[in-house]
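> Below is data.cif; it holds mmCIF, C-alpha atoms.
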```cif
data_data
#
loop_
_atom_site.group_PDB
_atom_site.id
_atom_site.type_symbol
_atom_site.label_atom_id
_atom_site.label_comp_id
_atom_site.auth_asym_id
_atom_site.auth_seq_id
_atom_site.Cartn_x
_atom_site.Cartn_y
_atom_site.Cartn_z
ATOM 1 C CA MET A 1 81.497 129.319 -104.111
ATOM 2 C CA LYS A 2 79.491 132.531 -103.813
ATOM 3 C CA ARG A 3 76.704 130.639 -102.100
ATOM 4 C CA ALA A 4 79.180 129.227 -99.527
ATOM 5 C CA LEU A 5 80.633 132.692 -98.838
ATOM 6 C CA ALA A 6 77.150 134.106 -98.408
ATOM 7 C CA THR A 7 76.306 131.329 -95.937
ATOM 8 C CA VAL A 8 79.477 131.979 -93.908
ATOM 9 C CA ALA A 9 78.746 135.710 -93.841
ATOM 10 C CA LEU A 10 75.199 135.090 -92.675
ATOM 11 C CA ILE A 11 76.423 132.803 -89.891
ATOM 12 C CA ALA A 12 78.952 135.436 -88.783
ATOM 13 C CA ILE A 13 76.246 138.099 -88.636
ATOM 14 C CA LEU A 14 73.988 135.838 -86.565
ATOM 15 C CA VAL A 15 76.824 135.062 -84.134
ATOM 16 C CA ALA A 16 77.560 138.770 -83.778
ATOM 17 C CA LEU A 17 73.912 139.593 -83.159
ATOM 18 C CA LEU A 18 73.480 136.801 -80.593
ATOM 19 C CA GLY A 19 76.804 137.379 -78.865
ATOM 20 C CA GLY A 20 76.437 141.171 -78.634
ATOM 21 C CA PRO A 21 73.681 141.278 -76.003
ATOM 22 C CA ALA A 22 75.371 138.507 -74.007
ATOM 23 C CA GLY A 23 78.605 140.473 -73.778
ATOM 24 C CA ALA A 24 76.988 143.899 -73.200
ATOM 25 C CA ALA A 25 77.200 145.368 -69.695
ATOM 26 C CA THR A 26 74.035 145.515 -67.599
ATOM 27 C CA ALA A 27 73.337 149.066 -66.469
ATOM 28 C CA VAL A 28 73.511 149.944 -62.761
ATOM 29 C CA SER A 29 72.171 153.187 -61.339
ATOM 30 C CA ALA A 30 74.951 155.507 -60.088
ATOM 31 C CA ARG A 31 74.245 158.735 -58.175
ATOM 32 C CA TYR A 32 76.972 161.121 -57.060
ATOM 33 C CA GLN A 33 76.820 162.149 -53.381
ATOM 34 C CA LEU A 34 79.810 164.429 -52.882
ATOM 35 C CA ARG A 35 82.735 165.762 -54.891
ATOM 36 C CA GLY A 36 85.649 168.078 -54.299
ATOM 37 C CA HIS A 37 89.411 168.078 -53.705
ATOM 38 C CA LEU A 38 91.282 166.534 -50.771
ATOM 39 C CA PRO A 39 95.094 166.010 -50.771
ATOM 40 C CA GLU A 40 94.925 163.580 -47.820
ATOM 41 C CA LEU A 41 93.297 160.948 -50.043
ATOM 42 C CA GLY A 42 96.587 160.115 -51.793
ATOM 43 C CA GLU A 43 98.747 160.829 -54.832
ATOM 44 C CA ARG A 44 97.499 158.063 -57.145
ATOM 45 C CA PRO A 45 94.067 156.989 -58.394
ATOM 46 C CA THR A 46 92.318 154.883 -55.768
ATOM 47 C CA MET A 47 88.926 153.247 -55.323
ATOM 48 C CA ARG A 48 87.254 152.353 -52.026
ATOM 49 C CA VAL A 49 83.937 150.540 -51.647
ATOM 50 C CA PHE A 50 81.765 150.609 -48.512
ATOM 51 C CA VAL A 51 79.126 147.885 -48.431
ATOM 52 C CA THR A 52 77.878 148.674 -44.911
ATOM 53 C CA GLN A 53 77.473 151.837 -42.870
ATOM 54 C CA ALA A 54 79.981 150.502 -40.320
ATOM 55 C CA GLU A 55 82.684 150.365 -43.012
ATOM 56 C CA TYR A 56 81.887 153.901 -44.110
ATOM 57 C CA ASP A 57 81.905 155.270 -40.556
ATOM 58 C CA THR A 58 85.217 153.553 -39.805
ATOM 59 C CA TYR A 59 86.841 155.172 -42.810
ATOM 60 C CA ARG A 60 85.412 158.609 -41.972
ATOM 61 C CA ASN A 61 86.758 158.413 -38.433
ATOM 62 C CA SER A 62 90.187 157.323 -39.665
ATOM 63 C CA LEU A 63 90.600 160.621 -41.549
ATOM 64 C CA GLY A 64 90.615 162.656 -38.350
ATOM 65 C CA GLU A 65 90.648 166.392 -39.058
ATOM 66 C CA ALA A 66 90.608 165.715 -42.806
ATOM 67 C CA ASN A 67 87.145 164.162 -42.580
ATOM 68 C CA VAL A 68 84.909 166.143 -44.938
ATOM 69 C CA PHE A 69 82.425 163.351 -45.580
ATOM 70 C CA PRO A 70 78.910 163.628 -44.128
ATOM 71 C CA GLY A 71 77.318 160.934 -42.017
ATOM 72 C CA ALA A 72 75.285 158.217 -43.693
ATOM 73 C CA GLY A 73 72.060 159.875 -42.546
ATOM 74 C CA SER A 74 72.890 162.999 -44.569
ATOM 75 C CA LEU A 75 73.491 161.148 -47.852
ATOM 76 C CA PHE A 76 70.904 160.575 -50.579
ATOM 77 C CA MET A 77 71.150 156.794 -50.302
ATOM 78 C CA SER A 78 70.532 153.895 -47.931
ATOM 79 C CA PHE A 79 72.801 150.924 -47.378
ATOM 80 C CA ASP A 80 69.958 148.447 -47.650
ATOM 81 C CA LYS A 81 69.504 149.464 -51.313
ATOM 82 C CA ASP A 82 72.900 150.909 -52.289
ATOM 83 C CA ILE A 83 76.617 150.737 -51.628
ATOM 84 C CA LEU A 84 79.096 153.622 -51.579
ATOM 85 C CA ALA A 85 82.154 153.958 -53.808
ATOM 86 C CA LEU A 86 84.814 156.617 -53.227
ATOM 87 C CA TYR A 87 87.032 157.405 -56.226
ATOM 88 C CA THR A 88 90.088 159.654 -55.874
ATOM 89 C CA ARG A 89 92.116 160.844 -58.855
ATOM 90 C CA GLY A 90 95.190 161.698 -56.824
ATOM 91 C CA ASN A 91 97.604 164.409 -57.970
ATOM 92 C CA ASP A 92 95.931 165.899 -61.056
ATOM 93 C CA THR A 93 96.708 168.761 -63.433
ATOM 94 C CA GLY A 94 94.342 171.151 -61.644
ATOM 95 C CA GLY A 95 91.641 173.476 -62.917
ATOM 96 C CA ARG A 96 89.038 170.709 -63.193
ATOM 97 C CA CYS A 97 86.836 168.437 -61.125
ATOM 98 C CA ILE A 98 84.908 165.216 -61.697
ATOM 99 C CA GLY A 99 81.462 165.669 -63.250
ATOM 100 C CA THR A 100 78.234 164.466 -61.704
ATOM 101 C CA GLN A 101 77.087 162.345 -64.659
ATOM 102 C CA ILE A 102 78.380 158.822 -63.979
ATOM 103 C CA VAL A 103 77.536 155.761 -66.064
ATOM 104 C CA ALA A 104 77.936 152.307 -64.497
ATOM 105 C CA GLY A 105 77.301 148.746 -65.584
ATOM 106 C CA PHE A 106 78.550 145.250 -64.804
ATOM 107 C CA SER A 107 79.682 142.465 -67.071
ATOM 108 C CA GLY A 108 81.050 139.194 -65.786
ATOM 109 C CA ASP A 109 82.713 139.755 -62.419
ATOM 110 C CA THR A 110 83.484 143.477 -62.822
ATOM 111 C CA LEU A 111 81.390 146.598 -62.402
ATOM 112 C CA SER A 112 82.810 149.509 -64.396
ATOM 113 C CA ALA A 113 81.866 153.161 -64.068
ATOM 114 C CA THR A 114 82.964 156.131 -66.155
ATOM 115 C CA ALA A 115 82.821 159.850 -65.462
ATOM 116 C CA SER A 116 83.823 163.003 -67.315
ATOM 117 C CA TRP A 117 85.828 166.088 -66.385
ATOM 118 C CA GLN A 118 84.204 169.393 -65.605
ATOM 119 C CA ALA A 119 86.015 172.716 -65.892
ATOM 120 C CA GLY A 120 86.683 174.501 -62.610
ATOM 121 C CA THR A 121 87.403 173.243 -59.147
ATOM 122 C CA CYS A 122 83.791 172.769 -57.964
ATOM 123 C CA GLY A 123 84.033 175.395 -55.227
ATOM 124 C CA ALA A 124 87.577 174.558 -54.095
ATOM 125 C CA PRO A 125 90.484 177.031 -54.335
ATOM 126 C CA SER A 126 91.910 177.524 -57.818
ATOM 127 C CA SER A 127 95.110 175.708 -56.839
ATOM 128 C CA ALA A 128 93.252 172.505 -55.800
ATOM 129 C CA HIS A 129 94.266 169.461 -57.848
ATOM 130 C CA TYR A 130 93.247 166.353 -55.886
ATOM 131 C CA PRO A 131 89.707 165.611 -57.165
ATOM 132 C CA PHE A 132 87.461 162.932 -55.694
ATOM 133 C CA VAL A 133 83.843 161.823 -56.043
ATOM 134 C CA LEU A 134 81.614 159.796 -53.719
ATOM 135 C CA VAL A 135 79.087 157.681 -55.624
ATOM 136 C CA ALA A 136 76.110 155.553 -54.548
ATOM 137 C CA LEU A 137 75.678 152.388 -56.637
ATOM 138 C CA SER A 138 72.356 150.571 -56.562
ATOM 139 C CA ARG A 139 72.529 146.967 -55.377
ATOM 140 C CA THR A 140 69.995 146.047 -58.071
ATOM 141 C CA ALA A 141 70.762 146.409 -61.776
ATOM 142 C CA ALA A 142 68.347 147.784 -64.359
ATOM 143 C CA ASP A 143 67.155 144.267 -65.232
ATOM 144 C CA GLY A 144 66.477 143.415 -61.576
ATOM 145 C CA THR A 145 69.698 141.446 -61.085
ATOM 146 C CA THR A 146 71.406 141.584 -57.694
ATOM 147 C CA TRP A 147 74.959 141.960 -58.919
ATOM 148 C CA LEU A 148 76.831 142.345 -55.634
ATOM 149 C CA SER A 149 77.199 138.607 -55.016
ATOM 150 C CA SER A 150 78.665 137.905 -58.473
ATOM 151 C CA VAL A 151 80.978 140.901 -58.924
ATOM 152 C CA LYS A 152 84.535 140.738 -57.583
ATOM 153 C CA SER A 153 85.721 144.285 -58.302
ATOM 154 C CA VAL A 154 84.377 147.797 -58.846
ATOM 155 C CA CYS A 155 86.287 150.178 -61.126
ATOM 156 C CA LEU A 156 85.951 153.827 -62.154
ATOM 157 C CA SER A 157 87.821 155.975 -64.638
ATOM 158 C CA VAL A 158 87.537 159.577 -65.789
ATOM 159 C CA GLU A 159 87.694 159.781 -69.601
ATOM 160 C CA SER A 160 91.060 157.980 -69.892
ATOM 161 C CA GLN A 161 92.475 154.619 -68.853
ATOM 162 C CA ASN A 162 95.349 156.111 -66.868
ATOM 163 C CA THR A 163 92.803 157.413 -64.346
ATOM 164 C CA ASN A 164 91.273 153.982 -63.783
ATOM 165 C CA ALA A 165 91.183 152.541 -60.251
ATOM 166 C CA CYS A 166 89.539 149.387 -58.902
ATOM 167 C CA ALA A 167 88.502 148.016 -55.506
ATOM 168 C CA SER A 168 88.028 144.365 -54.602
ATOM 169 C CA LEU A 169 84.635 143.104 -53.446
ATOM 170 C CA THR A 170 85.834 139.706 -52.219
ATOM 171 C CA GLY A 171 83.732 138.605 -49.262
ATOM 172 C CA ALA A 172 81.293 141.496 -49.636
ATOM 173 C CA SER A 173 78.467 141.249 -47.154
ATOM 174 C CA PRO A 174 74.767 141.252 -48.191
ATOM 175 C CA ALA A 175 72.395 144.110 -47.623
ATOM 176 C CA PRO A 176 72.131 144.994 -43.912
ATOM 177 C CA THR A 177 68.921 144.171 -42.095
ATOM 178 C CA ALA A 178 67.212 145.762 -39.150
ATOM 179 C CA ALA A 179 68.704 143.110 -36.860
ATOM 180 C CA ALA A 180 72.166 144.018 -38.042
ATOM 181 C CA THR A 181 71.763 147.734 -37.384
ATOM 182 C CA THR A 182 69.999 147.371 -34.047
ATOM 183 C CA PRO A 183 71.931 145.133 -31.636
ATOM 184 C CA PRO A 184 69.740 142.801 -29.565
ATOM 185 C CA PRO A 185 69.417 143.525 -25.849
ATOM 186 C CA THR A 186 72.051 141.833 -23.749
ATOM 187 C CA ALA A 187 72.112 140.617 -20.202
ATOM 188 C CA THR A 188 73.755 143.832 -19.074
ATOM 189 C CA SER A 189 70.592 145.809 -19.889
ATOM 190 C CA SER A 190 68.455 143.719 -17.534
ATOM 191 C CA PRO A 191 66.968 145.687 -14.627
ATOM 192 C CA VAL A 192 67.733 142.783 -12.260
ATOM 193 C CA PRO A 193 71.168 143.396 -10.692
ATOM 194 C CA THR A 194 73.614 140.590 -11.426
ATOM 195 C CA THR A 195 77.330 140.108 -11.126
ATOM 196 C CA THR A 196 77.740 140.947 -14.818
ATOM 197 C CA ALA A 197 76.331 144.432 -14.251
ATOM 198 C CA VAL A 198 79.832 145.595 -13.227
ATOM 199 C CA PRO A 199 82.183 144.602 -16.099
ATOM 200 C CA THR A 200 85.255 145.981 -14.333
ATOM 201 C CA ALA A 201 84.668 144.369 -11.001
ATOM 202 C CA THR A 202 88.110 142.720 -10.975
ATOM 203 C CA ARG A 203 89.735 146.107 -11.662
ATOM 204 C CA SER A 204 87.721 148.123 -9.142
ATOM 205 C CA LEU A 205 89.694 150.073 -6.563
ATOM 206 C CA THR A 206 86.808 149.762 -4.078
ATOM 207 C CA PRO A 207 85.788 146.069 -4.023
ATOM 208 C CA SER A 208 83.382 146.560 -1.130
ATOM 209 C CA GLN A 209 81.352 149.046 -3.157
ATOM 210 C CA THR A 210 81.398 146.750 -6.198
ATOM 211 C CA VAL A 211 80.019 143.875 -4.155
ATOM 212 C CA ALA A 212 77.268 146.118 -2.821
ATOM 213 C CA VAL A 213 76.206 147.035 -6.365
ATOM 214 C CA ALA A 214 76.481 143.544 -7.789
ATOM 215 C CA SER A 215 74.767 141.714 -4.952
ATOM 216 C CA PRO A 216 70.964 141.885 -4.559
ATOM 217 C CA THR A 217 71.284 141.407 -0.759
ATOM 218 C CA PRO A 218 71.385 144.709 1.217
ATOM 219 C CA THR A 219 74.546 145.239 3.256
ATOM 220 C CA ALA A 220 75.560 147.472 6.121
ATOM 221 C CA THR A 221 77.059 150.022 3.694
ATOM 222 C CA SER A 222 73.570 151.000 2.527
ATOM 223 C CA ALA A 223 72.344 151.900 6.031
ATOM 224 C CA PRO A 224 73.750 155.478 6.126
ATOM 225 C CA ALA A 225 71.961 156.318 2.890
ATOM 226 C CA SER A 226 68.543 155.737 4.469
ATOM 227 C CA ALA A 227 66.744 158.625 6.146
ATOM 228 C CA THR A 228 65.220 156.322 8.800
ATOM 229 C CA PRO A 229 67.198 153.707 10.739
ATOM 230 C CA SER A 230 66.671 150.190 9.452
ATOM 231 C CA ARG A 231 67.595 146.815 10.818
ATOM 232 C CA SER A 232 70.849 145.355 9.632
ATOM 233 C CA PRO A 233 71.002 141.819 8.154
ATOM 234 C CA VAL A 234 72.541 140.598 11.404
ATOM 235 C CA ALA A 235 69.713 142.026 13.465
ATOM 236 C CA ALA A 236 67.142 140.693 11.059
ATOM 237 C CA ALA A 237 68.601 137.206 11.308
ATOM 238 C CA SER A 238 68.588 137.151 15.166
ATOM 239 C CA PRO A 239 65.464 136.161 17.261
ATOM 240 C CA PRO A 240 62.965 138.963 17.857
ATOM 241 C CA ALA A 241 63.402 140.992 21.042
ATOM 242 C CA THR A 242 59.824 140.214 22.169
ATOM 243 C CA ALA A 243 60.747 136.595 22.752
ATOM 244 C CA ALA A 244 63.280 137.636 25.413
ATOM 245 C CA ASP A 245 60.707 139.951 27.024
ATOM 246 C CA ASN A 246 58.146 137.140 27.337
ATOM 247 C CA GLY A 247 60.683 134.920 29.075
ATOM 248 C CA THR A 248 61.425 137.683 31.571
ATOM 249 C CA ASN A 249 57.697 138.110 32.335
ATOM 250 C CA PHE A 250 57.214 134.393 33.021
ATOM 251 C CA LEU A 251 60.081 134.408 35.496
ATOM 252 C CA LEU A 252 58.632 137.423 37.294
ATOM 253 C CA TYR A 253 55.241 135.754 37.570
ATOM 254 C CA ALA A 254 56.820 132.625 39.009
ATOM 255 C CA MET A 255 58.686 134.628 41.624
ATOM 256 C CA LEU A 256 55.492 136.478 42.662
ATOM 257 C CA ILE A 257 53.610 133.202 42.956
ATOM 258 C CA ALA A 258 56.406 131.731 45.067
ATOM 259 C CA ILE A 259 56.446 134.770 47.354
ATOM 260 C CA GLY A 260 52.684 134.588 47.733
ATOM 261 C CA PHE A 261 52.898 130.872 48.529
ATOM 262 C CA LEU A 262 55.540 131.519 51.201
ATOM 263 C CA ILE A 263 53.389 134.268 52.736
ATOM 264 C CA LEU A 264 50.376 131.963 52.866
ATOM 265 C CA LEU A 265 52.516 129.179 54.293
ATOM 266 C CA SER A 266 53.857 131.431 57.054
ATOM 267 C CA LEU A 267 50.339 132.597 57.927
ATOM 268 C CA PHE A 268 49.121 129.024 58.117
ATOM 269 C CA LEU A 269 51.981 127.978 60.344
ATOM 270 C CA SER A 270 51.471 130.976 62.612
ATOM 271 C CA ARG A 271 47.762 130.157 63.082
ATOM 272 C CA GLY A 272 48.583 126.520 63.808
ATOM 273 C CA GLY A 273 51.010 127.562 66.544
ATOM 274 C CA ARG A 274 48.388 129.755 68.185
ATOM 275 C CA ARG A 275 45.849 126.903 68.343
ATOM 276 C CA ARG A 276 48.303 124.592 70.102
ATOM 277 C CA ARG A 277 48.762 127.101 72.845
#
```
Mind turning the file's structure into structure tokens?

Amino acid sequence: MKRALATVALIAILVALLGGPAGAATAVSARYQLRGHLPELGERPTMRVFVTQAEYDTYRNSLGEANVFPGAGSLFMSFDKDILALYTRGNDTGGRCIGTQIVAGFSGDTLSATASWQAGTCGAPSSAHYPFVLVALSRTAADGTTWLSSVKSVCLSVESQNTNACASLTGASPAPTAAATTPPPTATSSPVPTTTAVPTATRSLTPSQTVAVASPTPTATSAPASATPSRSPVAAASPPATAADNGTNFLLYAMLIAIGFLILLSLFLSRGGRRRR
């Protein structure tokens, strides 16, 4: 009986030892970027995750005058290696702010982060009681795992469970690439003028001017802009003026020849009349 109990105890210890590492969270680097107090962020604990710079910029712009967040270029992170998480405590007791030491790790489909309270208001007025913290989370865990594709939610709490807030990562996009940040050149940037160069051509109040810009063929409206007079398209399409001049010269020559012939003929006839006499 004792031998059987010892065997069962040994098996339980082995299961605990083997199952412990499997269930332990894998550490993820977390670096705080900004902290403070902002009432406009809400009354309850909230969590927002920004996978791309476009998402972060959209949120910043939506705050209007309450925007206290710096641009992505001023943060100590890059979206190709990190994501941003914004945690807000909401209406708090006051006299404290969220500390800068944040521990994060993922297990299963959830990434959990914890922070601690720090006495004071972190530079805000003494009456401030809406703490928040902006955190950069590495896309790669300590063991080299890319966790973003397998995690469905990101959570953060400050010392107690009633401060916990989570954000969904469903449909999170992968790390941005250079092609994603720099849009490819479009047809509108081509130096060759085309009809697409004027996107509001149908709404233009001066259609004649729009046609002149969109069309590569010069029109009569461009003539006043030139310092020297130039031939209009109509004049350029007509026969050259020299052709008419040549025709006029040939007719003049023919008339002179005819007059000369008549003079010679009259002289000949006059001489013939004299001989007959």
> Mind giving me the straight-line distance from CA of Asp57 in chain A to CA of Val133 in chain A in Å, one decimal?
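Value for the CA of Asp57 in chain A-CA of Val133 in chain A distance: 16.9 Å.
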> Could you please give me, as JSON, numbers by chain, the residues of protein, DNA or RNA lying at most 9 Å from (91.0, 142.8, -55.6) in the coordinate frame of the file, considering only C-alpha atoms?
{"A": [152, 153, 154, 166, 167, 168, 169, 170]}
> Since I can't run it myself right now, could you work out what the PyMOL selection byres ((chain A and resi 65-80) around 10) selects here and report it as a PyMOL selection string?
chain A and resi 31-36+38-41+50-54+56-57+59-64+81-84+134-139+174-178
> State, in Å with one decimal place, the distance from CA of Leu86 in chain A to CA of Arg48 in chain A.
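A separation of 5.1 Å between them.
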> Have a look at CA of Ala113 in chain A and CA of Ser157 in chain A and let me know their distance in Å, one decimal.
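Taking CA of Ala113 in chain A as the start and CA of Ser157 in chain A as the end point, the length is 6.6 Å.
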> Apply the PyMOL selection byres ((chain A and resi 102-108) around 9) to the structure shown and report the selected residues as a list in words.
Gly23, Ala24, Ala25, Thr26, Ala27, Val28, Ser29, Ala30, Arg31, Tyr32, Gly99, Thr100, Gln101, Asp109, Thr110, Leu111, Ser112, Ala113, Thr114, Ala115, Ser116, Val135, Leu137, Ala141, Trp147, Ser150, Val151, Val154 and Leu156 of chain A
